[in-house]
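Raw contents of run_27.cif, mmCIF, C-alpha atoms:
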data_start
#
loop_
_atom_site.group_PDB
_atom_site.id
_atom_site.type_symbol
_atom_site.label_atom_id
_atom_site.label_comp_id
_atom_site.auth_asym_id
_atom_site.auth_seq_id
_atom_site.Cartn_x
_atom_site.Cartn_y
_atom_site.Cartn_z
ATOM 1 C CA MET A 12 60.955 -38.820 -20.861
ATOM 2 C CA LYS A 13 58.005 -40.585 -19.250
ATOM 3 C CA ILE A 14 57.504 -37.677 -16.852
ATOM 4 C CA GLN A 15 57.435 -35.213 -19.727
ATOM 5 C CA THR A 16 54.849 -37.292 -21.599
ATOM 6 C CA LYS A 17 52.684 -37.518 -18.487
ATOM 7 C CA SER A 18 52.998 -33.769 -17.981
ATOM 8 C CA LYS A 19 51.835 -33.144 -21.539
ATOM 9 C CA LYS A 20 48.845 -35.412 -21.013
ATOM 10 C CA VAL A 21 47.939 -33.598 -17.796
ATOM 11 C CA ASN A 22 48.256 -30.203 -19.509
ATOM 12 C CA LYS A 23 46.091 -31.344 -22.424
ATOM 13 C CA ALA A 24 43.463 -32.722 -20.046
ATOM 14 C CA TRP A 25 43.445 -29.451 -18.087
ATOM 15 C CA MET A 26 43.188 -27.372 -21.269
ATOM 16 C CA HIS A 27 40.317 -29.516 -22.515
ATOM 17 C CA GLN A 28 38.555 -29.190 -19.154
ATOM 18 C CA GLN A 29 38.969 -25.402 -19.245
ATOM 19 C CA ALA A 30 37.763 -25.147 -22.830
ATOM 20 C CA THR A 31 34.626 -27.180 -22.162
ATOM 21 C CA ASP A 32 33.817 -25.908 -18.661
ATOM 22 C CA PRO A 33 30.549 -23.910 -18.776
ATOM 23 C CA TRP A 34 31.582 -21.852 -15.737
ATOM 24 C CA VAL A 35 34.845 -20.840 -17.428
ATOM 25 C CA ARG A 36 32.957 -19.778 -20.549
ATOM 26 C CA LEU A 37 30.429 -17.842 -18.466
ATOM 27 C CA ALA A 38 33.231 -16.100 -16.558
ATOM 28 C CA ARG A 39 34.800 -14.935 -19.811
ATOM 29 C CA LYS A 40 31.444 -13.715 -21.085
ATOM 30 C CA GLU A 41 30.633 -11.761 -17.911
ATOM 31 C CA GLY A 42 34.123 -10.354 -17.368
ATOM 32 C CA TYR A 43 35.227 -12.385 -14.362
ATOM 33 C CA ARG A 44 38.844 -13.486 -14.067
ATOM 34 C CA ALA A 45 37.992 -16.969 -12.822
ATOM 35 C CA ARG A 46 35.082 -19.380 -12.433
ATOM 36 C CA ALA A 47 35.454 -18.939 -8.646
ATOM 37 C CA ALA A 48 33.165 -15.885 -8.910
ATOM 38 C CA TYR A 49 30.206 -18.226 -9.310
ATOM 39 C CA LYS A 50 31.036 -20.118 -6.140
ATOM 40 C CA LEU A 51 30.777 -16.862 -4.214
ATOM 41 C CA ARG A 52 27.682 -15.818 -6.148
ATOM 42 C CA GLU A 53 25.845 -18.997 -5.166
ATOM 43 C CA ILE A 54 26.794 -18.536 -1.513
ATOM 44 C CA ASP A 55 25.651 -14.912 -1.662
ATOM 45 C CA GLU A 56 22.364 -15.752 -3.369
ATOM 46 C CA ARG A 57 21.587 -18.279 -0.649
ATOM 47 C CA LEU A 58 22.649 -16.158 2.336
ATOM 48 C CA HIS A 59 22.504 -12.531 1.099
ATOM 49 C CA LEU A 60 25.966 -11.557 2.311
ATOM 50 C CA PHE A 61 26.633 -8.288 0.501
ATOM 51 C CA LYS A 62 24.976 -4.886 0.733
ATOM 52 C CA PRO A 63 26.100 -1.408 -0.384
ATOM 53 C CA GLY A 64 28.056 0.493 2.263
ATOM 54 C CA GLN A 65 29.826 -2.531 3.703
ATOM 55 C CA VAL A 66 33.483 -3.072 4.547
ATOM 56 C CA VAL A 67 34.674 -6.279 2.874
ATOM 57 C CA VAL A 68 38.061 -8.001 3.195
ATOM 58 C CA ASP A 69 39.155 -10.566 0.593
ATOM 59 C CA LEU A 70 41.939 -12.886 1.797
ATOM 60 C CA GLY A 71 43.769 -14.867 -0.865
ATOM 61 C CA SER A 72 42.265 -12.648 -3.543
ATOM 62 C CA THR A 73 44.378 -13.322 -6.658
ATOM 63 C CA PRO A 74 43.417 -13.433 -9.514
ATOM 64 C CA GLY A 75 40.560 -11.289 -8.215
ATOM 65 C CA ALA A 76 37.283 -12.987 -9.158
ATOM 66 C CA TRP A 77 35.868 -12.779 -5.628
ATOM 67 C CA SER A 78 36.845 -9.118 -5.348
ATOM 68 C CA GLN A 79 35.215 -8.489 -8.738
ATOM 69 C CA TYR A 80 31.978 -10.103 -7.588
ATOM 70 C CA ALA A 81 31.948 -8.277 -4.243
ATOM 71 C CA ARG A 82 32.762 -5.006 -5.992
ATOM 72 C CA ARG A 83 29.678 -5.344 -8.181
ATOM 73 C CA GLN A 84 27.513 -5.973 -5.120
ATOM 74 C CA LEU A 85 28.781 -2.778 -3.484
ATOM 75 C CA ALA A 86 28.355 -0.688 -6.633
ATOM 76 C CA PRO A 87 25.165 1.020 -7.817
ATOM 77 C CA GLU A 88 23.265 -1.344 -10.096
ATOM 78 C CA GLY A 89 26.083 -3.891 -9.930
ATOM 79 C CA ALA A 90 28.504 -1.877 -12.041
ATOM 80 C CA ALA A 91 31.954 -3.363 -12.696
ATOM 81 C CA VAL A 92 33.493 0.142 -12.788
ATOM 82 C CA GLY A 93 32.674 3.566 -11.403
ATOM 83 C CA ALA A 94 31.339 4.542 -7.987
ATOM 84 C CA LEU A 95 31.785 2.131 -5.090
ATOM 85 C CA ASP A 96 29.539 2.339 -2.042
ATOM 86 C CA GLY A 97 31.701 0.767 0.648
ATOM 87 C CA GLN A 98 35.288 -0.341 1.168
ATOM 88 C CA LEU A 99 36.875 -3.418 -0.363
ATOM 89 C CA VAL A 100 40.355 -4.555 0.700
ATOM 90 C CA ALA A 101 42.060 -7.495 -1.007
ATOM 91 C CA LEU A 102 45.223 -9.316 0.045
ATOM 92 C CA ASP A 103 47.364 -12.017 -1.516
ATOM 93 C CA LEU A 104 50.924 -13.303 -1.595
ATOM 94 C CA LEU A 105 50.819 -13.073 -5.405
ATOM 95 C CA PRO A 106 50.308 -9.867 -7.404
ATOM 96 C CA MET A 107 46.792 -9.025 -8.563
ATOM 97 C CA GLU A 108 45.777 -6.949 -11.543
ATOM 98 C CA HIS A 109 44.107 -3.701 -10.464
ATOM 99 C CA ILE A 110 40.352 -3.616 -9.887
ATOM 100 C CA GLU A 111 38.836 -0.148 -9.697
ATOM 101 C CA GLY A 112 37.951 0.781 -6.125
ATOM 102 C CA VAL A 113 39.733 -2.197 -4.558
ATOM 103 C CA ASN A 114 42.634 -1.541 -2.185
ATOM 104 C CA PHE A 115 45.067 -4.402 -2.857
ATOM 105 C CA LEU A 116 47.871 -5.386 -0.475
ATOM 106 C CA GLN A 117 50.515 -7.872 -1.566
ATOM 107 C CA GLY A 118 52.046 -9.951 1.198
ATOM 108 C CA ASP A 119 51.962 -13.123 3.257
ATOM 109 C CA PHE A 120 48.905 -13.196 5.506
ATOM 110 C CA ARG A 121 50.863 -15.268 8.036
ATOM 111 C CA GLU A 122 53.322 -12.408 8.695
ATOM 112 C CA GLU A 123 52.646 -9.906 11.475
ATOM 113 C CA ALA A 124 53.845 -6.971 9.342
ATOM 114 C CA VAL A 125 51.303 -7.775 6.632
ATOM 115 C CA LEU A 126 48.496 -8.129 9.160
ATOM 116 C CA ALA A 127 49.505 -4.776 10.645
ATOM 117 C CA GLN A 128 49.295 -3.211 7.171
ATOM 118 C CA LEU A 129 45.849 -4.706 6.671
ATOM 119 C CA ASN A 130 44.724 -3.401 10.049
ATOM 120 C CA GLU A 131 45.980 0.049 9.092
ATOM 121 C CA VAL A 132 43.966 0.085 5.859
ATOM 122 C CA VAL A 133 40.782 -1.013 7.640
ATOM 123 C CA GLN A 134 41.423 1.865 10.093
ATOM 124 C CA GLY A 135 39.469 0.408 12.959
ATOM 125 C CA ARG A 136 36.230 0.158 11.003
ATOM 126 C CA GLY A 137 34.148 -2.889 11.758
ATOM 127 C CA VAL A 138 34.267 -5.367 8.897
ATOM 128 C CA ASP A 139 30.992 -6.727 7.534
ATOM 129 C CA VAL A 140 32.320 -9.624 5.450
ATOM 130 C CA VAL A 141 35.632 -11.485 5.524
ATOM 131 C CA MET A 142 36.029 -13.905 2.655
ATOM 132 C CA SER A 143 38.912 -16.319 2.332
ATOM 133 C CA ASP A 144 39.605 -18.412 -0.743
ATOM 134 C CA MET A 145 43.139 -19.062 0.529
ATOM 135 C CA ALA A 146 44.748 -22.421 -0.167
ATOM 136 C CA PRO A 147 48.371 -23.502 0.326
ATOM 137 C CA ASN A 148 50.607 -25.171 -2.225
ATOM 138 C CA LEU A 149 49.931 -28.842 -1.614
ATOM 139 C CA SER A 150 52.775 -31.323 -1.164
ATOM 140 C CA GLY A 151 50.768 -34.506 -1.573
ATOM 141 C CA ILE A 152 51.564 -35.515 2.013
ATOM 142 C CA ALA A 153 48.126 -35.638 3.635
ATOM 143 C CA SER A 154 49.117 -34.730 7.189
ATOM 144 C CA ALA A 155 51.349 -31.840 6.112
ATOM 145 C CA ASP A 156 48.759 -30.475 3.685
ATOM 146 C CA ALA A 157 45.992 -30.724 6.288
ATOM 147 C CA ALA A 158 48.118 -28.730 8.719
ATOM 148 C CA ARG A 159 48.779 -26.007 6.127
ATOM 149 C CA ILE A 160 45.114 -25.764 5.216
ATOM 150 C CA SER A 161 44.048 -25.635 8.860
ATOM 151 C CA LEU A 162 46.564 -22.891 9.630
ATOM 152 C CA LEU A 163 45.196 -20.617 6.904
ATOM 153 C CA VAL A 164 41.602 -21.177 8.009
ATOM 154 C CA GLU A 165 42.547 -20.596 11.653
ATOM 155 C CA LEU A 166 44.246 -17.314 10.680
ATOM 156 C CA ALA A 167 41.141 -16.240 8.762
ATOM 157 C CA VAL A 168 38.950 -17.063 11.769
ATOM 158 C CA ASP A 169 41.286 -15.168 14.086
ATOM 159 C CA PHE A 170 41.231 -12.107 11.822
ATOM 160 C CA ALA A 171 37.446 -12.304 11.540
ATOM 161 C CA VAL A 172 36.960 -12.577 15.309
ATOM 162 C CA GLN A 173 39.131 -9.497 15.814
ATOM 163 C CA HIS A 174 37.628 -7.327 13.063
ATOM 164 C CA LEU A 175 34.082 -8.407 12.207
ATOM 165 C CA LYS A 176 31.063 -6.532 13.422
ATOM 166 C CA LYS A 177 28.816 -8.505 15.772
ATOM 167 C CA ASP A 178 26.588 -9.567 12.870
ATOM 168 C CA GLY A 179 29.478 -9.986 10.439
ATOM 169 C CA VAL A 180 30.158 -12.959 8.188
ATOM 170 C CA LEU A 181 33.176 -15.138 7.414
ATOM 171 C CA VAL A 182 33.290 -17.270 4.258
ATOM 172 C CA ALA A 183 36.266 -19.649 4.091
ATOM 173 C CA LYS A 184 37.352 -22.425 1.781
ATOM 174 C CA VAL A 185 38.153 -25.729 3.466
ATOM 175 C CA PHE A 186 38.837 -29.248 2.229
ATOM 176 C CA HIS A 187 37.289 -32.488 3.394
ATOM 177 C CA GLY A 188 39.805 -34.800 4.998
ATOM 178 C CA GLU A 189 42.081 -34.721 8.011
ATOM 179 C CA GLY A 190 41.345 -31.692 10.193
ATOM 180 C CA TYR A 191 37.986 -30.868 8.581
ATOM 181 C CA ALA A 192 35.879 -31.716 11.629
ATOM 182 C CA GLN A 193 38.112 -29.549 13.825
ATOM 183 C CA LEU A 194 37.632 -26.574 11.486
ATOM 184 C CA VAL A 195 33.849 -26.975 11.598
ATOM 185 C CA ALA A 196 34.095 -27.076 15.397
ATOM 186 C CA LEU A 197 36.239 -23.918 15.342
ATOM 187 C CA PHE A 198 33.567 -22.102 13.341
ATOM 188 C CA ARG A 199 30.837 -23.256 15.696
ATOM 189 C CA GLU A 200 32.876 -22.034 18.647
ATOM 190 C CA HIS A 201 33.011 -18.488 17.281
ATOM 191 C CA PHE A 202 29.820 -18.052 15.226
ATOM 192 C CA ARG A 203 26.165 -18.242 16.166
ATOM 193 C CA SER A 204 25.267 -20.008 12.917
ATOM 194 C CA VAL A 205 27.464 -22.076 10.587
ATOM 195 C CA LYS A 206 26.535 -23.147 7.057
ATOM 196 C CA VAL A 207 28.373 -25.733 4.959
ATOM 197 C CA ILE A 208 28.031 -25.113 1.218
ATOM 198 C CA LYS A 209 29.417 -26.997 -1.781
ATOM 199 C CA PRO A 210 28.733 -24.642 -4.718
ATOM 200 C CA LYS A 211 27.704 -26.067 -8.056
ATOM 201 C CA ALA A 212 30.664 -24.258 -9.648
ATOM 202 C CA SER A 213 33.091 -26.394 -7.594
ATOM 203 C CA ARG A 214 34.422 -29.252 -9.660
ATOM 204 C CA ASP A 215 32.858 -32.599 -8.809
ATOM 205 C CA GLN A 216 36.236 -34.225 -8.135
ATOM 206 C CA SER A 217 37.328 -31.452 -5.766
ATOM 207 C CA THR A 218 37.068 -31.947 -2.004
ATOM 208 C CA GLU A 219 36.719 -28.202 -1.442
ATOM 209 C CA THR A 220 33.710 -26.832 0.356
ATOM 210 C CA TYR A 221 32.929 -23.537 2.062
ATOM 211 C CA LEU A 222 32.178 -22.800 5.684
ATOM 212 C CA VAL A 223 30.132 -19.690 6.361
ATOM 213 C CA GLY A 224 30.058 -18.264 9.882
ATOM 214 C CA LEU A 225 27.152 -15.878 10.530
ATOM 215 C CA GLY A 226 27.236 -13.570 13.537
ATOM 216 C CA LEU A 227 29.904 -13.640 16.202
ATOM 217 C CA ARG A 228 29.151 -15.265 19.514
#

Write out the structure in this file as structure tokens.
Amino acid sequence: MKIQTKSKKVNKAWMHQQATDPWVRLARKEGYRARAAYKLREIDERLHLFKPGQVVVDLGSTPGAWSQYARRQLAPEGAAVGALDGQLVALDLLPMEHIEGVNFLQGDFREEAVLAQLNEVVQGRGVDVVMSDMAPNLSGIASADAARISLLVELAVDFAVQHLKKDGVLVAKVFHGEGYAQLVALFREHFRSVKVIKPKASRDQSTETYLVGLGLR
């Protein structure tokens, strides 16, 4: 009974936070599926990641806010529908509602068969931007969670190293805590420039931040 009461309190707190969150309200107004679009927008406005004609891969794409944002950057005049100048491939373990012009693959990024399918869709074209908002289900055990987070980031880096163009970009979500310094070092090992960005749209209490690798070594 106590657990149920606590759960109700947590749900009410979350609902209140969603209802009063200015980024959530803005996302609804501008047609984005999640407030996460504004995290990517801030990173893009600072570093100018997207240009028409690019090949972009979105790892951990569901519900699709990052793909929506990238799609508008590849479309004439930022259109949410219609012509798309470039190729946008999205991948997630969970299903994602269709976005016009986005090639969505459902599967586990850690599986070789899924990676092979992704490689097939890219068709050997050099990728301009790899973006990863992937995050594992957290257990609450710090060491285990850190290992899961690190694995996903390492996989994103490995994919980026194999598929990015020489001047390509990787944007990946990481969390401060155990293993963070090693992930920064991994980025610096593979990229000529590394930026650490905590977008304003990230919740203050969240330890998430974003590493951006610019240009392969």

What are the closest atom pairs, with distances in Å to one decimal, for each residue of region 163-220 of chain A lying within 10 Å of region 69-83 of chain A, using only C-alpha atoms, rows by chain and rising residue number, as a Markdown table?
| residue | atom | partner | partner_atom | distance |
| --- | --- | --- | --- | --- |
| A:Leu163 | CA | A:Gly71 | CA | 9.8 |
| A:Ala167 | CA | A:Leu70 | CA | 7.8 |
| A:Val182 | CA | A:Asp69 | CA | 9.6 |
| A:Ala183 | CA | A:Leu70 | CA | 9.1 |

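Between Val223 (chain A) and the residues A:Pro87, A:Gly179, A:Pro106, A:Gly188, the shortest atom-to-atom distance, using all atoms listed in the file, involves A:Gly179.
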
Between A:Glu56, A:Glu165, A:Asp103, A:Glu41, which residue has the minimum interatomic distance to Ala90 (chain A), considering only C-alpha atoms?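 Between A:Glu56, A:Glu165, A:Asp103, A:Glu41, the residue approaching Ala90 (chain A) most closely is A:Glu41.
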
With a distance cut-off of 7 Å and all atoms listed in the file, select the neighbouring residues of Asp178 (chain A), excluding the residue or stretch itself and same-chain residues fewer than 5 positions from it, and output the selection as an mmCIF file with C-alpha atoms, in the frame of the given file.
data_model
loop_
_atom_site.group_PDB
_atom_site.id
_atom_site.type_symbol
_atom_site.label_atom_id
_atom_site.label_comp_id
_atom_site.auth_asym_id
_atom_site.auth_seq_id
_atom_site.Cartn_x
_atom_site.Cartn_y
_atom_site.Cartn_z
ATOM 1 C CA LEU A 225 27.152 -15.878 10.530
ATOM 2 C CA GLY A 226 27.236 -13.570 13.537
ATOM 3 C CA LEU A 227 29.904 -13.640 16.202
#

Selection result of the PyMOL selection byres ((chain A and resi 96) around 12) on this file, as an mmCIF file with C-alpha atoms, in the frame of the given file:
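To be explicit, this is the file written out as result-v4.cif:
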data_model
loop_
_atom_site.group_PDB
_atom_site.id
_atom_site.type_symbol
_atom_site.label_atom_id
_atom_site.label_comp_id
_atom_site.auth_asym_id
_atom_site.auth_seq_id
_atom_site.Cartn_x
_atom_site.Cartn_y
_atom_site.Cartn_z
ATOM 1 C CA PHE A 61 26.633 -8.288 0.501
ATOM 2 C CA LYS A 62 24.976 -4.886 0.733
ATOM 3 C CA PRO A 63 26.100 -1.408 -0.384
ATOM 4 C CA GLY A 64 28.056 0.493 2.263
ATOM 5 C CA GLN A 65 29.826 -2.531 3.703
ATOM 6 C CA VAL A 66 33.483 -3.072 4.547
ATOM 7 C CA VAL A 67 34.674 -6.279 2.874
ATOM 8 C CA ALA A 81 31.948 -8.277 -4.243
ATOM 9 C CA ARG A 82 32.762 -5.006 -5.992
ATOM 10 C CA ARG A 83 29.678 -5.344 -8.181
ATOM 11 C CA GLN A 84 27.513 -5.973 -5.120
ATOM 12 C CA LEU A 85 28.781 -2.778 -3.484
ATOM 13 C CA ALA A 86 28.355 -0.688 -6.633
ATOM 14 C CA PRO A 87 25.165 1.020 -7.817
ATOM 15 C CA GLU A 88 23.265 -1.344 -10.096
ATOM 16 C CA GLY A 89 26.083 -3.891 -9.930
ATOM 17 C CA ALA A 90 28.504 -1.877 -12.041
ATOM 18 C CA VAL A 92 33.493 0.142 -12.788
ATOM 19 C CA GLY A 93 32.674 3.566 -11.403
ATOM 20 C CA ALA A 94 31.339 4.542 -7.987
ATOM 21 C CA LEU A 95 31.785 2.131 -5.090
ATOM 22 C CA GLY A 97 31.701 0.767 0.648
ATOM 23 C CA GLN A 98 35.288 -0.341 1.168
ATOM 24 C CA LEU A 99 36.875 -3.418 -0.363
ATOM 25 C CA GLY A 112 37.951 0.781 -6.125
ATOM 26 C CA VAL A 113 39.733 -2.197 -4.558
#

Distance of CA of Val140 (chain A) from CA of Val100 (chain A), expressed in Å to one decimal place: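 Interatomic distance here is 10.6 Å.
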
How many Å separate CA of Arg214 (chain A) from CA of Leu194 (chain A)?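 Computing it gives 21.6 Å between the two atoms.
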
Have a look at CA of Ser161 (chain A) and CA of Glu200 (chain A) and let me know their distance in Å, one decimal. 15.3 Å

Counting all atoms listed in the file, which of A:Phe115, A:Arg159, A:Gln193, A:His109 gets nearest to Ala146 (chain A)?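 Of A:Phe115, A:Arg159, A:Gln193, A:His109, the one nearest Ala146 (chain A), counting all atoms listed in the file, is A:Arg159.
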
Please write out, as lines of an AutoDock Vina configuration file, where the centre of an axis-aligned box around all listed atoms of region 114-128 of chain A lies and how long its edges are, in Å to one decimal, after adding 6 Å on each side.
center_x = 48.2
center_y = -8.4
center_z = 4.3
size_x = 23.2
size_y = 25.7
size_z = 26.3

Using only C-alpha atoms, find the one residue out of A:Ala38, A:Val133, A:Leu175, A:Leu181 that sits nearest to Leu60 (chain A).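 Among A:Ala38, A:Val133, A:Leu175, A:Leu181, it is A:Leu181 that comes nearest to Leu60 (chain A).
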
Pick out the closest residue to Ile160 (chain A) from this set: A:Gln134, A:Val180, A:Glu111, A:Tyr191. Count all atoms listed in the file.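 The answer is A:Tyr191, which sits nearest to Ile160 (chain A).
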
Could you tell me which residues the PyMOL selection byres ((chain A and resi 212) around 10) returns for this structure, as a CSV table (one decimal) with C-alpha atoms, in the coordinates of the input?
chain,number,residue,atom,x,y,z
A,32,ASP,CA,33.8,-25.9,-18.7
A,33,PRO,CA,30.5,-23.9,-18.8
A,34,TRP,CA,31.6,-21.9,-15.7
A,35,VAL,CA,34.8,-20.8,-17.4
A,46,ARG,CA,35.1,-19.4,-12.4
A,47,ALA,CA,35.5,-18.9,-8.6
A,48,ALA,CA,33.2,-15.9,-8.9
A,49,TYR,CA,30.2,-18.2,-9.3
A,50,LYS,CA,31.0,-20.1,-6.1
A,51,LEU,CA,30.8,-16.9,-4.2
A,52,ARG,CA,27.7,-15.8,-6.1
A,53,GLU,CA,25.8,-19.0,-5.2
A,209,LYS,CA,29.4,-27.0,-1.8
A,210,PRO,CA,28.7,-24.6,-4.7
A,211,LYS,CA,27.7,-26.1,-8.1
A,213,SER,CA,33.1,-26.4,-7.6
A,214,ARG,CA,34.4,-29.3,-9.7
A,215,ASP,CA,32.9,-32.6,-8.8

Within 12 Å of Asn130 (chain A) using only C-alpha atoms, minus same-chain residues under 4 positions, as a list in words: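 Here the answer would be Val68, Val100, Leu102, Leu116, Phe120, Glu123, Ala124, Val125, Leu126, Gln134, Gly135, Arg136, Gly137, Val138, Phe170, Ala171, Gln173, His174 and Leu175 of chain A.
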